[in-house]
Structures are given as C-alpha cells and as structure tokens.
Amino acid sequence: MIKKVTIVYTPMKAKAVGMASELSKRLSDLGVENEVLDSERIMEIGSKIFADLVITLGGDGTILRSIHSLADHRTPILGVNFGRGGYLAELDPEEVHGVLDSVLKENFEVEEVMKLSVYAENRKLGDVVNEVYVSGEYIGKVVEFEIVRGSYALLEGVADGVIIATPLGSTAYAMSAGGPAVDHKLNVVVVVPVCPLTRMSPLVLPVDGTITLRLKAPRVHVLIDGQIREILDKERLIISKSEQTVRFVRVKRECSFARRLRKRLR
C-alpha cells in the first residue's frame, strides 16, 4: 500500500494547479500522507522528493524535473499530461480519478527505463533520462568534436552541437534533429550531430562500455534533460550506462514506445 504521495504540478497550467489541490484533498480523505510541490521550484531550491509514489501534473519537463529531484531513483512516477505532447505521461487528466484507488493499492505495472551517466573527466555531471546536448558556449559558435568508443574514433566533425540520447530520449530532441526512433527496451545510445558542417549521420551504439565525446572548442555548453546546465572548459565527456533506472507507473496495456512514436509522428 502506498503510504506517501508527492504531487508535482506545473504552475503554468491553471487546470494542473486545480487538480493538484483536488488530488491532495482526496488523498487526505483516504488517509494517505501527501505533499504538493511546484515543479518550477523543486530544482531551483534543490529540494529532494521523499515518497512512495510521485504523480506529476504537467508536461515532459515536469516529469524530468521530478525524476532529477528524487531522493530514491526507485520511486515510481505516474505522469498525467497537461503539456503539448505528453510523450512520457501515462494518463490524460480525465483518467486520473478512475485509476487512483487501484494505483494506491499498487495494482500497476512498473516499467524500468535505462539512464545514462555523464562525466566531465572524473566529475559526474548527472544522470540522463532523455539526452545531453553539447554546443558552443555562445549561440552561433560551432563545436568541433570526436566520438570515440574504446580506442577507436567513430565520428568526427564540426556542428552546431551534438545530442547524445537514451533510447527513451531518441523520440525527443534527437528525433527532431534527424535521429532514429529507438525502442527504450534496447541498451544503446543514440548520437546525433545537430546541423553539421561536414557530412555526418547519426549513430546507434551499444552501451556495454564507455563512449567518449572529445571536444575541441575552448568552452562548451552542456545541457542535461533541459534541466542541468554546465559551462565546461575544453575537455572530454565520458558517457556510460547508469546504475540507476527510471521507474514509470503503467496502468494501460498499450506499448508505451508505440504510443510515444504515434504521438510524435501524428
């Protein structure tokens, strides 16, 4: 039985704010401890979420901020879509009340999804749910880079940036930049050059080891899941499979990859 629920809502959507209050009251009436958090503030103030279940009310950004704020990565996430696409969400708003009692009794499937870890030399920058985007420090500055696996250089060139995505993130920014859609059940990494000046195609690589992104620009901008930002001096990034996963609550029998792809291509 779920004992504590954290509700994370986007303040940008009035209906999400209203549902957060409704859910909190219903949970309290059921005797379930709960808290309500503003998604715009949880990462700003660096607060951590301690709960048995997280319900997000917003778009994919709200889900990503919630995942990056978890005190325990094993905490399951139930996404309710109040965004434009809702690619990571499981439910539409009108479906929530019909499944809440069942979810509180833990009558749901958990889908575990791979994350990547990103290091700058020996310093960990973070774990990646969707993608890490590397570009020049300033808009309009290109970055020269090289992709290395083991001791072999696989790809090198000059581009506006480079996206390194998980299979889950392959249908997000990486796909917009011309990358392939990859089923999230595969243990691979997707590398997509953004507006390359030289002829380059995206790569799909196994993550049974490390992948190195050698950067030849003096300073680069690194963005993880649109949430974590770093400006780095000339160095290399090391990408590997994370020891952590993301755990999504699934109450529907539909394949989540098929649903995400259908939404993306409609």
# chains A, B, ... in the order shown; residues from 1 in each chain; ligands from 1
call {"tool": "residues_around", "arguments": {"residues": "Gly179 of chain A", "least_positions_apart": "2", "cutoff": "6 Å", "atoms": "only C-alpha atoms", "output": "number ranges by chain"}}
result
A: 174-175, 177, 192, 202
call {"tool": "write_last_selection", "arguments": {"atoms": "N, CA and C atoms", "output": "PDB file, in the first residue's frame"}}
result
ATOM      1  N   ALA A 174      16.387  14.476 -30.121  1.00  0.00           N
ATOM      2  CA  ALA A 174      17.228  13.743 -31.081  1.00  0.00           C
ATOM      3  C   ALA A 174      16.466  13.437 -32.362  1.00  0.00           C
ATOM      4  N   MET A 175      15.211  13.080 -32.239  1.00  0.00           N
ATOM      5  CA  MET A 175      14.410  12.765 -33.421  1.00  0.00           C
ATOM      6  C   MET A 175      14.130  14.031 -34.235  1.00  0.00           C
ATOM      7  N   ALA A 177      16.122  16.388 -34.579  1.00  0.00           N
ATOM      8  CA  ALA A 177      17.372  16.706 -35.264  1.00  0.00           C
ATOM      9  C   ALA A 177      17.743  15.668 -36.324  1.00  0.00           C
ATOM     10  N   VAL A 192      23.568  12.105 -32.251  1.00  0.00           N
ATOM     11  CA  VAL A 192      23.014  12.861 -33.379  1.00  0.00           C
ATOM     12  C   VAL A 192      23.720  14.214 -33.491  1.00  0.00           C
ATOM     13  N   PRO A 202      23.644  10.108 -37.921  1.00  0.00           N
ATOM     14  CA  PRO A 202      23.500   9.666 -36.542  1.00  0.00           C
ATOM     15  C   PRO A 202      24.049   8.254 -36.346  1.00  0.00           C
TER      16      PRO A 202
END
call {"tool": "select_by_dssp", "arguments": {"residues": "segment 52-100 of chain A", "states": "strand (DSSP E or B)", "output": "JSON, numbers by chain"}}
result
{"A": [53, 54, 55, 56, 57, 58, 70, 77, 78, 79, 80, 81, 91]}
call {"tool": "write_last_selection", "arguments": {"atoms": "C-alpha atoms", "output": "PDB file, in the first residue's frame"}}
result
ATOM      1  CA  LEU A  53       4.807   7.458  -5.421  1.00  0.00           C
ATOM      2  CA  VAL A  54       5.140  10.670  -7.419  1.00  0.00           C
ATOM      3  CA  ILE A  55       2.223  11.959  -9.502  1.00  0.00           C
ATOM      4  CA  THR A  56       3.196  14.650 -11.984  1.00  0.00           C
ATOM      5  CA  LEU A  57       0.683  17.091 -13.432  1.00  0.00           C
ATOM      6  CA  GLY A  58       2.238  18.809 -16.433  1.00  0.00           C
ATOM      7  CA  LEU A  70      14.011  12.087  -6.436  1.00  0.00           C
ATOM      8  CA  ILE A  77       6.454   8.097 -11.432  1.00  0.00           C
ATOM      9  CA  LEU A  78       2.878   8.427 -12.693  1.00  0.00           C
ATOM     10  CA  GLY A  79       2.690  11.137 -15.332  1.00  0.00           C
ATOM     11  CA  VAL A  80      -0.547  12.991 -16.078  1.00  0.00           C
ATOM     12  CA  ASN A  81      -0.374  15.026 -19.264  1.00  0.00           C
ATOM     13  CA  LEU A  91      -2.622   9.348 -18.311  1.00  0.00           C
TER      14      LEU A  91
END
call {"tool": "closest_residue", "arguments": {"among": "A:Lys263, A:Arg229, A:Lys3, A:Arg247", "to": "Tyr133 of chain A", "atoms": "only C-alpha atoms"}}
result
A:Arg229
call {"tool": "select_by_dssp", "arguments": {"residues": "segment 6-211 of chain A", "states": "helix (DSSP H, G or I)", "output": "PDB file with N, CA and C atoms, in the first residue's frame"}}
result
ATOM      1  N   ALA A  14      -3.377  26.324 -15.241  1.00  0.00           N
ATOM      2  CA  ALA A  14      -4.341  26.512 -14.158  1.00  0.00           C
ATOM      3  C   ALA A  14      -5.065  25.212 -13.810  1.00  0.00           C
ATOM      4  N   LYS A  15      -5.354  24.396 -14.827  1.00  0.00           N
ATOM      5  CA  LYS A  15      -6.053  23.137 -14.566  1.00  0.00           C
ATOM      6  C   LYS A  15      -5.173  22.160 -13.791  1.00  0.00           C
ATOM      7  N   ALA A  16      -3.866  22.204 -14.027  1.00  0.00           N
ATOM      8  CA  ALA A  16      -2.948  21.351 -13.271  1.00  0.00           C
ATOM      9  C   ALA A  16      -2.894  21.792 -11.818  1.00  0.00           C
ATOM     10  N   VAL A  17      -2.901  23.102 -11.577  1.00  0.00           N
ATOM     11  CA  VAL A  17      -2.906  23.639 -10.216  1.00  0.00           C
ATOM     12  C   VAL A  17      -4.175  23.200  -9.499  1.00  0.00           C
ATOM     13  N   GLY A  18      -5.301  23.283 -10.208  1.00  0.00           N
ATOM     14  CA  GLY A  18      -6.569  22.874  -9.612  1.00  0.00           C
ATOM     15  C   GLY A  18      -6.608  21.392  -9.293  1.00  0.00           C
ATOM     16  N   MET A  19      -6.114  20.558 -10.214  1.00  0.00           N
ATOM     17  CA  MET A  19      -6.117  19.116  -9.959  1.00  0.00           C
ATOM     18  C   MET A  19      -5.188  18.752  -8.806  1.00  0.00           C
ATOM     19  N   ALA A  20      -4.086  19.482  -8.644  1.00  0.00           N
ATOM     20  CA  ALA A  20      -3.172  19.213  -7.526  1.00  0.00           C
ATOM     21  C   ALA A  20      -3.908  19.363  -6.198  1.00  0.00           C
ATOM     22  N   SER A  21      -4.718  20.397  -6.090  1.00  0.00           N
ATOM     23  CA  SER A  21      -5.496  20.615  -4.865  1.00  0.00           C
ATOM     24  C   SER A  21      -6.543  19.524  -4.680  1.00  0.00           C
ATOM     25  N   GLU A  22      -7.209  19.152  -5.772  1.00  0.00           N
ATOM     26  CA  GLU A  22      -8.233  18.102  -5.705  1.00  0.00           C
ATOM     27  C   GLU A  22      -7.634  16.767  -5.265  1.00  0.00           C
ATOM     28  N   LEU A  23      -6.516  16.402  -5.878  1.00  0.00           N
ATOM     29  CA  LEU A  23      -5.880  15.130  -5.530  1.00  0.00           C
ATOM     30  C   LEU A  23      -5.388  15.119  -4.092  1.00  0.00           C
ATOM     31  N   SER A  24      -4.824  16.249  -3.658  1.00  0.00           N
ATOM     32  CA  SER A  24      -4.331  16.329  -2.287  1.00  0.00           C
ATOM     33  C   SER A  24      -5.466  16.127  -1.291  1.00  0.00           C
ATOM     34  N   LYS A  25      -6.601  16.751  -1.561  1.00  0.00           N
ATOM     35  CA  LYS A  25      -7.751  16.599  -0.663  1.00  0.00           C
ATOM     36  C   LYS A  25      -8.250  15.163  -0.667  1.00  0.00           C
ATOM     37  N   ARG A  26      -8.331  14.556  -1.842  1.00  0.00           N
ATOM     38  CA  ARG A  26      -8.827  13.176  -1.903  1.00  0.00           C
ATOM     39  C   ARG A  26      -7.878  12.222  -1.190  1.00  0.00           C
ATOM     40  N   LEU A  27      -6.590  12.418  -1.375  1.00  0.00           N
ATOM     41  CA  LEU A  27      -5.612  11.567  -0.689  1.00  0.00           C
ATOM     42  C   LEU A  27      -5.708  11.731   0.825  1.00  0.00           C
ATOM     43  N   SER A  28      -5.872  12.966   1.262  1.00  0.00           N
ATOM     44  CA  SER A  28      -6.012  13.211   2.702  1.00  0.00           C
ATOM     45  C   SER A  28      -7.267  12.538   3.243  1.00  0.00           C
ATOM     46  N   ASP A  29      -8.372  12.606   2.487  1.00  0.00           N
ATOM     47  CA  ASP A  29      -9.616  11.944   2.900  1.00  0.00           C
ATOM     48  C   ASP A  29      -9.444  10.433   2.999  1.00  0.00           C
ATOM     49  N   SER A  39       6.653  22.463  -9.692  1.00  0.00           N
ATOM     50  CA  SER A  39       7.752  21.898 -10.487  1.00  0.00           C
ATOM     51  C   SER A  39       8.812  22.927 -10.843  1.00  0.00           C
ATOM     52  N   GLU A  40       8.443  24.212 -10.893  1.00  0.00           N
ATOM     53  CA  GLU A  40       9.392  25.253 -11.253  1.00  0.00           C
ATOM     54  C   GLU A  40      10.365  25.547 -10.112  1.00  0.00           C
ATOM     55  N   ARG A  41       9.994  25.136  -8.902  1.00  0.00           N
ATOM     56  CA  ARG A  41      10.823  25.477  -7.748  1.00  0.00           C
ATOM     57  C   ARG A  41      11.655  24.325  -7.209  1.00  0.00           C
ATOM     58  N   ILE A  42      11.249  23.090  -7.486  1.00  0.00           N
ATOM     59  CA  ILE A  42      11.935  21.980  -6.814  1.00  0.00           C
ATOM     60  C   ILE A  42      13.409  21.894  -7.188  1.00  0.00           C
ATOM     61  N   ASP A  60       6.310  16.947 -20.213  1.00  0.00           N
ATOM     62  CA  ASP A  60       7.513  16.140 -20.025  1.00  0.00           C
ATOM     63  C   ASP A  60       8.535  16.850 -19.147  1.00  0.00           C
ATOM     64  N   GLY A  61       8.588  18.191 -19.223  1.00  0.00           N
ATOM     65  CA  GLY A  61       9.511  18.936 -18.379  1.00  0.00           C
ATOM     66  C   GLY A  61       9.225  18.727 -16.902  1.00  0.00           C
ATOM     67  N   THR A  62       7.954  18.671 -16.541  1.00  0.00           N
ATOM     68  CA  THR A  62       7.565  18.424 -15.148  1.00  0.00           C
ATOM     69  C   THR A  62       8.011  17.039 -14.711  1.00  0.00           C
ATOM     70  N   ILE A  63       7.858  16.055 -15.598  1.00  0.00           N
ATOM     71  CA  ILE A  63       8.303  14.693 -15.285  1.00  0.00           C
ATOM     72  C   ILE A  63       9.810  14.649 -15.112  1.00  0.00           C
ATOM     73  N   LEU A  64      10.551  15.289 -16.006  1.00  0.00           N
ATOM     74  CA  LEU A  64      12.012  15.275 -15.929  1.00  0.00           C
ATOM     75  C   LEU A  64      12.509  15.974 -14.673  1.00  0.00           C
ATOM     76  N   ARG A  65      11.913  17.112 -14.321  1.00  0.00           N
ATOM     77  CA  ARG A  65      12.326  17.797 -13.096  1.00  0.00           C
ATOM     78  C   ARG A  65      12.052  16.932 -11.871  1.00  0.00           C
ATOM     79  N   SER A  66      10.933  16.219 -11.893  1.00  0.00           N
ATOM     80  CA  SER A  66      10.600  15.340 -10.758  1.00  0.00           C
ATOM     81  C   SER A  66      11.608  14.204 -10.636  1.00  0.00           C
ATOM     82  N   ILE A  67      11.967  13.602 -11.770  1.00  0.00           N
ATOM     83  CA  ILE A  67      12.932  12.496 -11.748  1.00  0.00           C
ATOM     84  C   ILE A  67      14.275  12.969 -11.207  1.00  0.00           C
ATOM     85  N   HIS A  68      14.729  14.138 -11.637  1.00  0.00           N
ATOM     86  CA  HIS A  68      16.013  14.656 -11.176  1.00  0.00           C
ATOM     87  C   HIS A  68      15.979  15.090  -9.709  1.00  0.00           C
ATOM     88  N   PRO A  93      -5.751  13.876 -18.012  1.00  0.00           N
ATOM     89  CA  PRO A  93      -6.347  14.319 -16.742  1.00  0.00           C
ATOM     90  C   PRO A  93      -7.659  13.629 -16.378  1.00  0.00           C
ATOM     91  N   GLU A  94      -8.510  13.405 -17.366  1.00  0.00           N
ATOM     92  CA  GLU A  94      -9.820  12.819 -17.070  1.00  0.00           C
ATOM     93  C   GLU A  94      -9.732  11.347 -16.640  1.00  0.00           C
ATOM     94  N   GLU A  95      -8.568  10.726 -16.781  1.00  0.00           N
ATOM     95  CA  GLU A  95      -8.415   9.313 -16.423  1.00  0.00           C
ATOM     96  C   GLU A  95      -7.926   9.104 -14.993  1.00  0.00           C
ATOM     97  N   VAL A  96      -7.473  10.155 -14.347  1.00  0.00           N
ATOM     98  CA  VAL A  96      -6.779  10.004 -13.061  1.00  0.00           C
ATOM     99  C   VAL A  96      -7.677   9.437 -11.975  1.00  0.00           C
ATOM    100  N   HIS A  97      -8.823  10.054 -11.766  1.00  0.00           N
ATOM    101  CA  HIS A  97      -9.674   9.649 -10.638  1.00  0.00           C
ATOM    102  C   HIS A  97     -10.158   8.209 -10.780  1.00  0.00           C
ATOM    103  N   GLY A  98     -10.299   7.730 -12.008  1.00  0.00           N
ATOM    104  CA  GLY A  98     -10.763   6.366 -12.210  1.00  0.00           C
ATOM    105  C   GLY A  98      -9.755   5.293 -11.835  1.00  0.00           C
ATOM    106  N   VAL A  99      -8.476   5.651 -11.794  1.00  0.00           N
ATOM    107  CA  VAL A  99      -7.441   4.644 -11.504  1.00  0.00           C
ATOM    108  C   VAL A  99      -6.719   4.900 -10.183  1.00  0.00           C
ATOM    109  N   LEU A 100      -7.050   6.002  -9.502  1.00  0.00           N
ATOM    110  CA  LEU A 100      -6.286   6.378  -8.306  1.00  0.00           C
ATOM    111  C   LEU A 100      -6.334   5.321  -7.212  1.00  0.00           C
ATOM    112  N   ASP A 101      -7.536   4.815  -6.909  1.00  0.00           N
ATOM    113  CA  ASP A 101      -7.655   3.806  -5.847  1.00  0.00           C
ATOM    114  C   ASP A 101      -6.822   2.579  -6.154  1.00  0.00           C
ATOM    115  N   SER A 102      -6.858   2.134  -7.408  1.00  0.00           N
ATOM    116  CA  SER A 102      -6.083   0.960  -7.820  1.00  0.00           C
ATOM    117  C   SER A 102      -4.589   1.226  -7.707  1.00  0.00           C
ATOM    118  N   VAL A 103      -4.164   2.417  -8.097  1.00  0.00           N
ATOM    119  CA  VAL A 103      -2.746   2.764  -8.021  1.00  0.00           C
ATOM    120  C   VAL A 103      -2.274   2.797  -6.568  1.00  0.00           C
ATOM    121  N   LEU A 104      -3.103   3.334  -5.682  1.00  0.00           N
ATOM    122  CA  LEU A 104      -2.721   3.409  -4.267  1.00  0.00           C
ATOM    123  C   LEU A 104      -2.562   2.018  -3.652  1.00  0.00           C
ATOM    124  N   LEU A 168      14.940   6.133 -24.703  1.00  0.00           N
ATOM    125  CA  LEU A 168      13.730   6.886 -24.359  1.00  0.00           C
ATOM    126  C   LEU A 168      13.771   8.274 -24.974  1.00  0.00           C
ATOM    127  N   GLY A 169      14.938   8.919 -24.921  1.00  0.00           N
ATOM    128  CA  GLY A 169      15.079  10.256 -25.464  1.00  0.00           C
ATOM    129  C   GLY A 169      15.238  10.304 -26.966  1.00  0.00           C
ATOM    130  N   SER A 170      15.329   9.147 -27.604  1.00  0.00           N
ATOM    131  CA  SER A 170      15.512   9.143 -29.056  1.00  0.00           C
ATOM    132  C   SER A 170      14.311   9.740 -29.783  1.00  0.00           C
ATOM    133  N   THR A 171      13.137   9.717 -29.155  1.00  0.00           N
ATOM    134  CA  THR A 171      11.944  10.273 -29.799  1.00  0.00           C
ATOM    135  C   THR A 171      11.694  11.719 -29.372  1.00  0.00           C
ATOM    136  N   TYR A 173      14.242  15.415 -28.594  1.00  0.00           N
ATOM    137  CA  TYR A 173      15.040  16.365 -29.371  1.00  0.00           C
ATOM    138  C   TYR A 173      15.867  15.661 -30.448  1.00  0.00           C
ATOM    139  N   ALA A 174      16.387  14.476 -30.121  1.00  0.00           N
ATOM    140  CA  ALA A 174      17.228  13.743 -31.081  1.00  0.00           C
ATOM    141  C   ALA A 174      16.466  13.437 -32.362  1.00  0.00           C
ATOM    142  N   MET A 175      15.211  13.080 -32.239  1.00  0.00           N
ATOM    143  CA  MET A 175      14.410  12.765 -33.421  1.00  0.00           C
ATOM    144  C   MET A 175      14.130  14.031 -34.235  1.00  0.00           C
ATOM    145  N   SER A 176      13.926  15.157 -33.539  1.00  0.00           N
ATOM    146  CA  SER A 176      13.721  16.428 -34.237  1.00  0.00           C
ATOM    147  C   SER A 176      14.948  16.811 -35.048  1.00  0.00           C
TER     148      SER A 176
END
call {"tool": "atom_distance", "arguments": {"atom1": "atom CA of Gly85 of chain A", "atom2": "atom CA of Leu125 of chain A"}}
result
27.5 Å
call {"tool": "closest_residue", "arguments": {"among": "A:Gly31, A:Pro11, A:Pro180, A:Pro196", "to": "Gly161 of chain A", "atoms": "only C-alpha atoms"}}
result
A:Pro196
call {"tool": "closest_atom_pairs", "arguments": {"of": "segment 114-181 of chain A", "to": "segment 203-211 of chain A", "cutoff": "12 Å", "atoms": "only C-alpha atoms", "output": "CSV"}}
result
residue,atom,partner,partner_atom,distance
A:Met114,CA,A:Val207,CA,10.4
A:Lys115,CA,A:Val207,CA,10.6
A:Leu116,CA,A:Val207,CA,8.9
A:Ser117,CA,A:Thr210,CA,9.8
A:Val118,CA,A:Ile211,CA,9.8
A:Tyr119,CA,A:Thr210,CA,10.5
A:Glu146,CA,A:Ile211,CA,10.4
A:Ile147,CA,A:Ile211,CA,7.1
A:Val148,CA,A:Ile211,CA,5.9
A:Arg149,CA,A:Ile211,CA,4.9
A:Gly150,CA,A:Thr210,CA,7.1
A:Ser151,CA,A:Ile211,CA,9.9
A:Tyr152,CA,A:Ile211,CA,10.1
A:Ala153,CA,A:Ile211,CA,10.0
A:Leu154,CA,A:Leu203,CA,9.0
A:Leu155,CA,A:Leu203,CA,8.6
A:Glu156,CA,A:Leu203,CA,11.7
A:Val162,CA,A:Leu203,CA,11.3
A:Ile163,CA,A:Leu203,CA,10.6
A:Ile164,CA,A:Leu203,CA,9.5
A:Ala165,CA,A:Val204,CA,9.6
A:Thr166,CA,A:Val207,CA,9.9
A:Pro167,CA,A:Val204,CA,9.4
A:Ser170,CA,A:Val204,CA,10.0
A:Ala174,CA,A:Leu203,CA,11.1
A:Gly178,CA,A:Leu203,CA,11.0
A:Gly179,CA,A:Leu203,CA,8.2
A:Pro180,CA,A:Val204,CA,8.4
A:Ala181,CA,A:Val204,CA,10.2
call {"tool": "closest_residue", "arguments": {"among": "A:Leu213, A:Met12, A:Leu88, A:Leu30", "to": "Arg250 of chain A", "atoms": "only C-alpha atoms"}}
result
A:Leu88
call {"tool": "residues_around", "arguments": {"residues": "Glu112 of chain A", "least_positions_apart": "5", "cutoff": "8 Å", "atoms": "only C-alpha atoms", "output": "list in words"}}
result
Thr245, Val246, Arg247 and Phe248 of chain A
call {"tool": "residues_around", "arguments": {"residues": "Asp52 of chain A", "least_positions_apart": "5", "cutoff": "12 Å", "atoms": "only C-alpha atoms", "output": "VMD selection string"}}
result
chain A and resid 1 to 7 32 to 35 70 to 78 103 to 106 247 249
call {"tool": "closest_residue", "arguments": {"among": "A:Arg219, A:Glu243, A:Ser256, A:Val158", "to": "Pro193 of chain A", "atoms": "only C-alpha atoms"}}
result
A:Val158
